[in-house]
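Following: one structure in structure tokens, then a few remarks.
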Amino acid sequence: MYAFFFQICSNSIKIGLRMSGTALSPFPLIPFPADIGNKSYPLTKYPTRKLKSLAKISCSRSDNSSRSTSQQQQLNLSVLRFTFGIPGLDESYLPRWIGYAFGSLLLLNHFVGSDFSAITPAQLRTEVLGLSLAAFSIVLPYLGKFLKGATPNNEKSIPEGAVPIFLMSQNIPDILKEDLAWGTYVLLRNTNTISVLIFIQVALCVRGYWNTRKDIPKDQVHDWFEKEINKTGLFDLRETLYFPQAEELWEILPRGTRSFLIQPVLHTQDSCSDKTEMSDGFVLLASSSTYAYSSKDRAWIRAVANKFRDPRNVRLMSALLR
Amino acid sequence: MGAGTLIRPTPLKSSPLSQQRPPPRTPTPGYHSSNSISIPRSSTPVKASSSLNSQGDYGGPKPKRECVADWVSQNDDVVRSLPIYVGGLSLLAVLVNRTISGIAPVADASSSQSRADLLTLGLAVTNILNGLVWLSIRPKSVSAVNPEGAECQSICPLLPDFISSELLWVWESLSDATCCRSLIIVYDKRVILQIGFATASSNTHDAVVVDVDKLMKGSLYQGALKSKSQSYLANLSLYPAKSELPFLPPNTQAVILQPLGDKGLAIIGGDMIRGFTTSDQAWITLVGEKLDATLAKMNNIPVNA
């Protein structure tokens, strides 16, 4: 049994050492496919060798998003992963399963497998140690999620009862309509989002999977959204709110939302004494997985939100540049 | 002059944009794992406000501070080696326990003590292996290289408002969200935007002007437009075609060439090797498509003689 573990261990060290030496891509020019589709980017696996046991060591390349530090260091990995090769099974949760399994076996051993009168202090010490190790193993995948370079979970699961809708205010200029359509499309496609809502001054655009009430007729859905937005008071928001692990706070959010982000669209207004930040509106994104938005995602969401800043101010900026 | 002449973009002397890199978006601190909002979950009732220009502040619920996430991301190295220490110490503890209790260190499953020991050993080994996996996937950190050259901010003067605002938005997004430090947009055989860092010419120390004809005859431009897809030169120093981009600072580390439809190309220079992630590449492709749609609305701009 130990031979199995040690073989994996030594192989992983050998491969790990070999991989860490080659940091450059084997393909100098990386042509980017024109049809991106809905692939998840982080991992492409190239199986390198098969061991005699169940396990397969896969060699994979991934360029992961960064958590930028103040020194602006970027992260690039040549990733080595231990995998059973079963698609859909996340092996980073293996310590958790082993922790549960061995912990329950320890308890079984204590109560069933041994004579109560004959339990020695030595055995008790071992069992206490074993149970605390099991607890630590169970917590380990949770800690691993926050390390740099952790691959985010890109699977989107659609909450039940939610219907795809695409709603846009009608009395707005065509350019704004195009921008709203593009903005919502891009946010749904490039981030781990199932529902997006953009509200700019009086223009509203809702796209994705939402739980609208069934008793509301179609032409009043727009008003229902506006009413719900009024209830949340999000117009006054001046900072980005990111709820990585929240339950649904407002009725407007679809059921099954596990994390969401609200990005206000701000412009600075120079008043006589100082600059105040005025809100033009906000962008609301909801996702069905926790910790859905990395810092890189948030930076790009901020960039998309800035597209909707008051055009008067933007025109002023570009006029000054000429 | 013929259609091939480039419009000399007006170089700018002063602009409200700072002379250095565009200022970071400090007014919107947002939620960062190292800089989280330390406001406890507020239970004040949600303010129902329909006035868009109210001076009031948002009074609704705010996210809780994430202590574990912050601690782990700040002590990344410690956390990576933690399971190895925990596993190793437990391994030793189990063996020591067996020796001091006078039991022979034999790995058999006959007595309940041995079974408990085996299970604990299995858990310890799992922890050690997990720690090794975490250490082996420690990301290689690459540091940014400051581009050498002069800053410039030039835009074609005859563009309509909505196009120039879109171009400036593209620059602001790229410099904020990625490692981009130089951006040149060529469309319809002329340079319509050159912003960020550029090679300084030797006599005037101003940014050099892009020679569009030479660029368009070069292999990089031709190849990008022919393939109609993005090219990512992750480590520019490895490519001999680097000489076709003399206007970028000589120590530019990575370049993305994004074709804009059939008529244009966006050249994005970054300050880090492999500095553009796959996520960045996807975003840049979509932004390029948007820009192409906007630029296609441009009527024929008369060429300056």
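Identifiers in the structure tokens: chain A, B, ... in order shown; residue index from 1 per chain; ligand index from 1 in order shown.
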**Message:** Report as a ChimeraX atom specification all protein, DNA and RNA residues lying within 10 Å of Asp77 of chain B, evaluated on only C-alpha atoms, omitting residues in the same chain fewer than 2 positions from it.
**Reply:** /A:147-148 /B:72-75,79-82,134-135,138
**Prompt:** So which residues touch Gln281 of chain B within 9 Å, counting only C-alpha atoms, skipping near sequence neighbours fewer than 5 positions away, as a list in words?
**Reply:**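 Answer for this query is Phe32 of chain A; Gln230, Tyr232, Ile256, Phe276 and Leu286 of chain B.
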Just write the chosen residues, N, CA, C and O atoms, as a PDB file, in the first residue's frame.
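again03.pdb, freshly written:
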```pdb
ATOM      1  N   PHE A  32      -4.669  32.315 -31.626  1.00  0.00           N
ATOM      2  CA  PHE A  32      -5.839  32.220 -30.788  1.00  0.00           C
ATOM      3  C   PHE A  32      -7.010  31.842 -31.656  1.00  0.00           C
ATOM      4  O   PHE A  32      -7.247  32.459 -32.657  1.00  0.00           O
TER       5      PHE A  32
ATOM      6  N   GLN B 230      -6.180  36.543 -33.329  1.00  0.00           N
ATOM      7  CA  GLN B 230      -5.195  37.213 -32.494  1.00  0.00           C
ATOM      8  C   GLN B 230      -3.870  36.469 -32.515  1.00  0.00           C
ATOM      9  O   GLN B 230      -3.840  35.250 -32.565  1.00  0.00           O
ATOM     10  N   TYR B 232      -0.315  36.178 -30.283  1.00  0.00           N
ATOM     11  CA  TYR B 232       0.238  36.521 -28.982  1.00  0.00           C
ATOM     12  C   TYR B 232       1.717  36.183 -29.016  1.00  0.00           C
ATOM     13  O   TYR B 232       2.082  35.016 -29.074  1.00  0.00           O
ATOM     14  N   ILE B 256       0.555  41.662 -28.154  1.00  0.00           N
ATOM     15  CA  ILE B 256      -0.621  41.015 -28.745  1.00  0.00           C
ATOM     16  C   ILE B 256      -0.989  41.809 -29.994  1.00  0.00           C
ATOM     17  O   ILE B 256      -1.066  43.044 -29.965  1.00  0.00           O
ATOM     18  N   PHE B 276       0.079  38.520 -20.560  1.00  0.00           N
ATOM     19  CA  PHE B 276      -1.344  38.514 -20.871  1.00  0.00           C
ATOM     20  C   PHE B 276      -1.868  37.110 -20.637  1.00  0.00           C
ATOM     21  O   PHE B 276      -1.439  36.165 -21.280  1.00  0.00           O
ATOM     22  N   LEU B 286     -12.673  40.182 -27.763  1.00  0.00           N
ATOM     23  CA  LEU B 286     -14.025  40.739 -27.800  1.00  0.00           C
ATOM     24  C   LEU B 286     -13.991  42.257 -27.912  1.00  0.00           C
ATOM     25  O   LEU B 286     -14.801  42.862 -28.630  1.00  0.00           O
TER      26      LEU B 286
END
```
**Request:** Enumerate, as number ranges by chain, the complete set of residues in segment 121-265 of chain A that a backbone-based DSSP assignment places in strand (DSSP E or B).
**Result:** A: 163-168, 195-200, 203-210, 241-243, 259-265
Please write the residues from the selection above to a file, keeping N, CA and C atoms, as a compact mmCIF listing (two decimals), in the first residue's frame.
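Printed below is result.txt as written:
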```
# COMPACT_ATOMS: atom_id res chain seq x y z
N VAL A 163 -35.48 31.49 -16.09
CA VAL A 163 -35.67 31.49 -17.53
C VAL A 163 -34.73 32.49 -18.16
N PRO A 164 -34.24 32.20 -19.35
CA PRO A 164 -33.36 33.18 -19.99
C PRO A 164 -34.18 34.34 -20.52
N ILE A 165 -33.77 35.54 -20.19
CA ILE A 165 -34.47 36.70 -20.72
C ILE A 165 -33.46 37.70 -21.23
N PHE A 166 -33.93 38.57 -22.11
CA PHE A 166 -33.11 39.66 -22.63
C PHE A 166 -34.04 40.85 -22.75
N LEU A 167 -33.83 41.78 -21.82
CA LEU A 167 -34.76 42.88 -21.69
C LEU A 167 -33.98 44.17 -21.87
N MET A 168 -34.54 45.10 -22.63
CA MET A 168 -33.83 46.36 -22.81
C MET A 168 -34.85 47.48 -22.85
N SER A 195 -26.33 35.69 -14.70
CA SER A 195 -27.32 36.75 -14.84
C SER A 195 -26.63 38.10 -14.74
N VAL A 196 -27.02 39.00 -15.63
CA VAL A 196 -26.39 40.32 -15.61
C VAL A 196 -27.48 41.37 -15.77
N LEU A 197 -27.29 42.47 -15.06
CA LEU A 197 -28.25 43.58 -15.12
C LEU A 197 -27.44 44.86 -15.17
N ILE A 198 -27.74 45.70 -16.16
CA ILE A 198 -27.04 46.98 -16.24
C ILE A 198 -28.10 48.07 -16.16
N PHE A 199 -27.88 49.00 -15.27
CA PHE A 199 -28.83 50.09 -15.09
C PHE A 199 -28.05 51.39 -15.17
N ILE A 200 -28.30 52.18 -16.20
CA ILE A 200 -27.57 53.43 -16.39
C ILE A 200 -28.60 54.54 -16.49
N ALA A 203 -31.77 53.87 -18.38
CA ALA A 203 -31.75 52.72 -19.28
C ALA A 203 -31.50 51.45 -18.48
N LEU A 204 -32.27 50.41 -18.79
CA LEU A 204 -32.13 49.14 -18.09
C LEU A 204 -31.91 48.03 -19.10
N CYS A 205 -30.96 47.15 -18.81
CA CYS A 205 -30.77 46.00 -19.69
C CYS A 205 -30.57 44.79 -18.80
N VAL A 206 -31.38 43.76 -19.01
CA VAL A 206 -31.32 42.56 -18.19
C VAL A 206 -31.11 41.37 -19.12
N ARG A 207 -30.16 40.55 -18.81
CA ARG A 207 -29.86 39.42 -19.70
C ARG A 207 -29.41 38.24 -18.87
N GLY A 208 -29.72 37.04 -19.36
CA GLY A 208 -29.27 35.85 -18.63
C GLY A 208 -30.47 35.14 -18.02
N TYR A 209 -30.19 34.38 -16.98
CA TYR A 209 -31.23 33.59 -16.33
C TYR A 209 -31.72 34.31 -15.10
N TRP A 210 -32.99 34.65 -15.09
CA TRP A 210 -33.58 35.35 -13.95
C TRP A 210 -34.86 34.67 -13.53
N LEU A 241 -19.14 46.29 -4.66
CA LEU A 241 -19.51 45.32 -3.63
C LEU A 241 -19.38 43.93 -4.21
N TYR A 242 -18.61 43.11 -3.52
CA TYR A 242 -18.43 41.74 -3.99
C TYR A 242 -18.81 40.81 -2.85
N PHE A 243 -19.82 40.01 -3.06
CA PHE A 243 -20.27 39.05 -2.06
C PHE A 243 -19.86 37.67 -2.56
N SER A 259 -22.81 33.82 -5.48
CA SER A 259 -21.95 35.00 -5.28
C SER A 259 -22.38 36.04 -6.29
N PHE A 260 -22.26 37.28 -5.91
CA PHE A 260 -22.61 38.32 -6.87
C PHE A 260 -21.77 39.56 -6.61
N LEU A 261 -21.78 40.41 -7.62
CA LEU A 261 -20.92 41.58 -7.61
C LEU A 261 -21.70 42.75 -8.18
N ILE A 262 -21.56 43.89 -7.53
CA ILE A 262 -22.20 45.10 -8.04
C ILE A 262 -21.10 46.13 -8.29
N GLN A 263 -21.02 46.58 -9.51
CA GLN A 263 -19.99 47.53 -9.89
C GLN A 263 -20.67 48.84 -10.23
N PRO A 264 -20.43 49.89 -9.48
CA PRO A 264 -21.07 51.15 -9.84
C PRO A 264 -20.34 51.81 -11.00
N VAL A 265 -21.09 52.59 -11.75
CA VAL A 265 -20.50 53.36 -12.85
C VAL A 265 -20.40 54.79 -12.36
```
**Prompt:** Could you pull out all residues of segment 101-267 of chain B with a DSSP call of helix (DSSP H, G or I) and give them as a PyMOL selection string?
**Reply:** chain B and resi 112-136+161-177+212-217+219-227+236-238+240-244
**Request:** Between atom CA of Val128 of chain A and atom CA of Val112 of chain A, measure the distance and give it in Å to one decimal.
**Result:**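 We find that atom CA of Val128 of chain A and atom CA of Val112 of chain A lie 16.6 Å from each other.
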